[in-house]
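Below is the file upload28.cif, which contains mmCIF, C-alpha atoms.
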```
data_start
#
loop_
_atom_site.label_atom_id
_atom_site.label_comp_id
_atom_site.auth_asym_id
_atom_site.auth_seq_id
_atom_site.Cartn_x
_atom_site.Cartn_y
_atom_site.Cartn_z
CA MET N 1 0.76 6.68 61.52
CA LYS N 2 -0.36 10.16 60.44
CA LYS N 3 2.74 10.41 58.24
CA LEU N 4 1.91 7.05 56.55
CA THR N 5 -1.71 8.09 55.97
CA PHE N 6 -0.54 11.36 54.41
CA ILE N 7 1.81 9.49 52.05
CA PHE N 8 -1.01 7.18 50.89
CA MET N 9 -3.34 10.15 50.35
CA ALA N 10 -0.67 12.01 48.39
CA MET N 11 -0.07 8.95 46.18
CA ALA N 12 -3.81 8.61 45.56
CA VAL N 13 -4.10 12.27 44.52
CA ILE N 14 -1.12 11.95 42.14
CA THR N 15 -2.56 8.77 40.61
CA LEU N 16 -5.98 10.36 40.06
CA ALA N 17 -4.39 13.46 38.53
CA ALA N 18 -2.38 11.31 36.11
CA CYS N 19 -5.51 9.38 35.08
CA GLY N 20 -7.38 12.63 34.54
CA ASN N 21 -4.67 13.90 32.18
CA LYS N 22 -4.91 10.72 30.08
CA THR N 23 -8.70 10.83 29.78
CA ASN N 24 -8.58 14.50 28.81
CA GLY N 25 -6.11 13.73 26.01
CA ASN N 26 -3.22 15.59 27.62
CA SER N 27 -0.79 12.69 27.46
CA GLY N 28 1.13 14.26 24.57
CA ASN N 29 0.31 11.40 22.17
CA GLU N 30 -2.31 12.80 19.80
CA ALA N 31 -4.30 10.32 17.75
CA PRO N 32 -3.86 10.41 13.97
CA LYS N 33 -6.51 12.11 11.84
CA ASP N 34 -9.17 9.86 10.36
CA SER N 35 -8.02 10.86 6.89
CA ASP N 36 -4.71 9.12 7.62
CA TYR N 37 -5.95 5.77 8.87
CA MET N 38 -8.90 3.44 8.61
CA LEU N 39 -10.38 0.26 9.92
CA ASP N 40 -13.89 -0.52 8.69
CA GLY N 41 -14.42 3.09 7.68
CA PRO N 42 -13.88 6.62 8.99
CA GLY N 43 -12.83 7.54 12.49
CA SER N 44 -10.32 4.78 13.04
CA VAL N 45 -6.80 5.27 14.35
CA TYR N 46 -5.48 1.99 13.02
CA GLU N 47 -3.15 2.02 10.02
CA PRO N 48 -4.05 -0.95 7.82
CA THR N 49 -1.72 -3.24 5.97
CA VAL N 50 -1.67 -3.07 2.18
CA GLU N 51 -3.74 -6.28 2.12
CA GLU N 52 -6.39 -4.81 4.45
CA ALA N 53 -6.59 -1.55 2.50
CA GLY N 54 -6.85 -3.49 -0.76
CA GLN N 55 -9.65 -5.66 0.57
CA TYR N 56 -11.48 -2.56 1.76
CA ALA N 57 -11.11 -1.04 -1.75
CA ILE N 58 -12.64 -4.17 -3.32
CA GLU N 59 -15.50 -4.18 -0.79
CA THR N 60 -16.18 -0.49 -1.50
CA VAL N 61 -16.53 -1.18 -5.24
CA GLN N 62 -18.72 -4.21 -4.54
CA ARG N 63 -21.04 -2.07 -2.40
CA LEU N 64 -21.05 0.58 -5.11
CA TYR N 65 -22.18 -1.82 -7.83
CA GLU N 66 -24.81 -3.39 -5.58
CA ALA N 67 -26.14 0.16 -5.19
CA VAL N 68 -25.89 0.73 -8.98
CA SER N 69 -27.92 -2.44 -9.62
CA GLU N 70 -30.54 -1.40 -7.07
CA ALA N 71 -30.72 2.20 -8.34
CA TYR N 72 -31.16 1.30 -12.02
CA SER N 73 -33.85 -1.27 -11.33
CA SER N 74 -36.05 1.43 -9.78
CA GLU N 75 -38.37 3.86 -11.54
CA ASP N 76 -36.56 6.76 -9.88
CA TRP N 77 -33.18 5.77 -11.29
CA GLN N 78 -32.07 9.31 -12.25
CA THR N 79 -32.40 10.60 -8.69
CA LYS N 80 -30.71 7.49 -7.31
CA SER N 81 -27.89 7.87 -9.84
CA ASN N 82 -27.15 11.33 -8.41
CA GLU N 83 -27.16 9.83 -4.91
CA LEU N 84 -24.53 7.31 -6.03
CA ASP N 85 -22.26 10.17 -7.03
CA LYS N 86 -22.67 11.94 -3.68
CA LYS N 87 -22.09 8.79 -1.65
CA PHE N 88 -19.28 7.09 -3.54
CA CYS N 89 -17.32 9.73 -5.51
CA SER N 90 -14.35 11.97 -4.75
CA GLN N 91 -14.60 15.74 -4.46
CA ASP N 92 -12.64 16.18 -7.70
CA TRP N 93 -14.94 13.81 -9.61
CA LEU N 94 -18.02 15.65 -8.30
CA ALA N 95 -16.54 19.04 -9.22
CA THR N 96 -15.66 17.83 -12.72
CA VAL N 97 -19.16 16.43 -13.36
CA LYS N 98 -20.68 19.68 -12.06
CA ALA N 99 -18.49 21.75 -14.40
CA VAL N 100 -19.51 19.59 -17.39
CA ILE N 101 -23.22 19.98 -16.56
CA GLU N 102 -22.80 23.76 -16.20
CA LYS N 103 -21.08 23.93 -19.61
CA ASP N 104 -23.87 21.85 -21.18
CA ASN N 105 -26.52 24.11 -19.65
CA LYS N 106 -24.98 27.12 -21.39
CA ASN N 107 -25.62 25.46 -24.77
CA PRO N 108 -29.03 23.78 -24.37
CA ASP N 109 -29.56 23.43 -28.15
CA GLU N 110 -26.43 21.32 -28.59
CA MET N 111 -25.93 17.68 -27.63
CA GLY N 112 -24.35 17.59 -24.21
CA PHE N 113 -21.38 15.57 -23.04
CA PHE N 114 -23.36 12.88 -21.24
CA ASP N 115 -24.92 10.96 -24.14
CA ALA N 116 -24.12 7.77 -22.17
CA ASP N 117 -24.13 6.90 -18.47
CA TYR N 118 -20.83 6.11 -16.76
CA TRP N 119 -22.42 3.85 -14.12
CA VAL N 120 -23.86 1.50 -16.75
CA MET N 121 -21.34 2.27 -19.55
CA GLY N 122 -24.02 2.93 -22.11
CA GLN N 123 -27.21 4.73 -23.08
CA ASP N 124 -29.44 1.80 -22.12
CA PHE N 125 -29.43 -0.53 -19.17
CA ASP N 126 -30.85 -3.91 -18.31
CA THR N 127 -33.25 -3.23 -15.45
CA GLN N 128 -33.69 -6.95 -14.75
CA ASN N 129 -30.09 -8.18 -14.77
CA LEU N 130 -27.69 -5.28 -14.29
CA HIS N 131 -24.91 -6.42 -11.96
CA ALA N 132 -21.13 -6.70 -11.59
CA SER N 133 -18.79 -9.63 -10.95
CA ASP N 134 -15.11 -10.67 -10.98
CA PHE N 135 -13.80 -7.85 -8.78
CA TYR N 136 -9.99 -7.71 -8.84
CA LEU N 137 -7.54 -5.35 -7.13
CA GLU N 138 -5.36 -4.18 -10.01
CA LYS N 139 -3.13 -1.81 -8.01
CA ILE N 140 -2.77 -0.08 -4.67
CA LEU N 141 -0.39 2.75 -3.77
CA MET N 142 0.01 3.77 -0.14
CA GLU N 143 3.44 5.42 -0.13
CA ASP N 144 2.03 8.91 -0.71
CA LYS N 145 -1.24 10.60 0.18
CA PRO N 146 -3.90 10.38 -0.94
CA TRP N 147 -3.69 6.61 -1.20
CA GLU N 148 -4.74 5.24 -4.58
CA ALA N 149 -6.23 1.97 -5.75
CA ALA N 150 -7.70 0.51 -8.93
CA VAL N 151 -10.29 -2.27 -9.03
CA THR N 152 -11.37 -4.00 -12.23
CA LEU N 153 -14.66 -5.82 -12.70
CA LYS N 154 -17.09 -7.16 -15.26
CA LEU N 155 -20.24 -5.11 -15.59
CA HIS N 156 -23.15 -7.18 -16.88
CA ASN N 157 -25.34 -4.87 -18.94
CA TYR N 158 -26.56 -6.56 -22.14
CA GLY N 159 -23.20 -8.34 -22.24
CA GLU N 160 -19.96 -8.19 -20.27
CA ILE N 161 -18.21 -4.85 -20.05
CA PRO N 162 -14.74 -4.71 -18.48
CA VAL N 163 -14.50 -1.67 -16.20
CA ARG N 164 -11.69 -0.12 -14.17
CA VAL N 165 -12.60 1.92 -11.08
CA ASN N 166 -9.87 4.26 -9.85
CA LEU N 167 -10.15 5.15 -6.17
CA ILE N 168 -8.51 7.63 -3.84
CA TYR N 169 -8.61 7.56 -0.06
CA GLU N 170 -10.47 10.70 0.98
CA GLY N 171 -12.11 11.63 4.27
CA GLY N 172 -11.51 8.22 5.80
CA GLU N 173 -13.02 6.21 2.90
CA TRP N 174 -12.17 4.94 -0.56
CA LYS N 175 -13.88 7.19 -3.13
CA VAL N 176 -14.33 6.74 -6.87
CA ASP N 177 -12.07 9.22 -8.67
CA ASP N 178 -12.38 7.87 -12.22
CA LEU N 179 -14.06 5.18 -14.31
CA THR N 180 -12.75 3.55 -17.49
CA ASP N 181 -14.64 1.47 -20.04
CA ILE N 182 -11.76 -0.86 -20.89
CA ARG N 183 -13.39 -2.06 -24.16
CA TYR N 184 -12.88 1.32 -25.79
CA ASP N 185 -10.17 2.67 -23.47
CA LEU N 186 -12.70 5.37 -22.52
CA ASP N 187 -11.39 7.21 -19.48
CA TRP N 188 -14.38 9.20 -18.28
CA LYS N 189 -12.53 11.77 -16.20
CA GLN N 190 -9.94 12.46 -18.87
CA SER N 191 -12.73 12.84 -21.46
CA MET N 192 -14.57 15.29 -19.20
CA LYS N 193 -11.41 17.36 -18.66
CA GLU N 194 -10.76 17.47 -22.42
CA TYR N 195 -14.37 18.55 -23.05
CA LEU N 196 -14.04 21.33 -20.47
CA ALA N 197 -10.80 22.51 -22.12
CA GLU N 198 -12.44 22.89 -25.56
#
```
Structure re-expressed in structure tokens:
Amino acid sequence: MKKLTFIFMAMAVITLAACGNKTNGNSGNEAPKDSDYMLDGPGSVYEPTVEEAGQYAIETVQRLYEAVSEAYSSEDWQTKSNELDKKFCSQDWLATVKAVIEKDNKNPDEMGFFDADYWVMGQDFDTQNLHASDFYLEKILMEDKPWEAAVTLKLHNYGEIPVRVNLIYEGGEWKVDDLTDIRYDLDWKQSMKEYLAE
């Protein structure tokens, strides 16, 4: 009887030790980084299908343009415009915009690069009816990292403006990496890079 009790106790100790190793993450199966996978945002360990990632890209751009509409209908639209950049844009886009502003600040007597606004695709904006519609996933590439996607839309700002939003997957989220005014084939990031190279 003592021998049987000892065996049960030994089995219980081994079982508890094994459970402890799993809860402490010592099982040998490390979870992927959140920059590799997503499901409803950062921190997920689920690798989405192309369809799921594409839908998430569209939803990101929809949220962005809801925020654009809200920001530009407020009196404090300039501050809110900067907040859009911080929340929705890639590190490379932010660095490029910063470099352009720094170059402009060195020549305050000259007209700067930003004589129009890339969020509204113009100098003026319709505070009452600025919005976007007809969101369409134009492409998605998930073979290499960072993942890339492009979403097209119609921006309603005193007329319909076709816009392409290029995204990269960065830090567990889709981030805006470039914007193109399709009417004039105006690629904002390329134009900024060319301006900086002058």
Which protein, DNA or RNA residues are at most 8 Å from (-9.9, 2.7, -6.0) in the file's coordinates when you count only C-alpha atoms, listed as a count of residues only? 17
Could you list, as number ranges by chain, every residue matched by the PyMOL selection byres ((chain N and resi 191) around 12) in this structure? N: 96-97, 100, 113-114, 118, 178-181, 185-190, 192-198
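Interatomic distance, CA of Tyr46 in chain N against CA of Glu173 in chain N: 13.3 Å.
Among the candidate residues N:Asp126, N:Glu51, N:Glu138, N:Glu59, the one lying nearest to His156 in chain N is N:Asp126, with distances computed using only C-alpha atoms.
Here CA of Ile101 in chain N and CA of Gln62 in chain N stand 27.4 Å from one another.
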Exercise on range 172-184 of chain N, axis-aligned box with 5 Å per side, report centre and edge lengths in Å to one decimal, as JSON:
```
{"center_x": -13.1, "center_y": 3.6, "center_z": -10.0, "size_x": 13.1, "size_y": 21.3, "size_z": 41.6}
```
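CA of Thr152 in chain N sits 21.6 Å away from CA of Pro48 in chain N.
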Using only C-alpha atoms, the best pick from N:Tyr184, N:Phe125, N:Phe135, N:Tyr158 as closest to Gln55 in chain N would be N:Phe135
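Considering the residues N:Gln91, N:Met142, N:Lys154, N:Lys103 and counting all atoms listed in the file, Glu47 in chain N has its shortest atom-to-atom contact with N:Met142.
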Selection in question (the file shown): the PyMOL selection byres ((chain N and resi 69) around 10). Which residues does it include, as a ChimeraX atom specification? /N:63-68,70-74,77,119-120,125-132,156-157
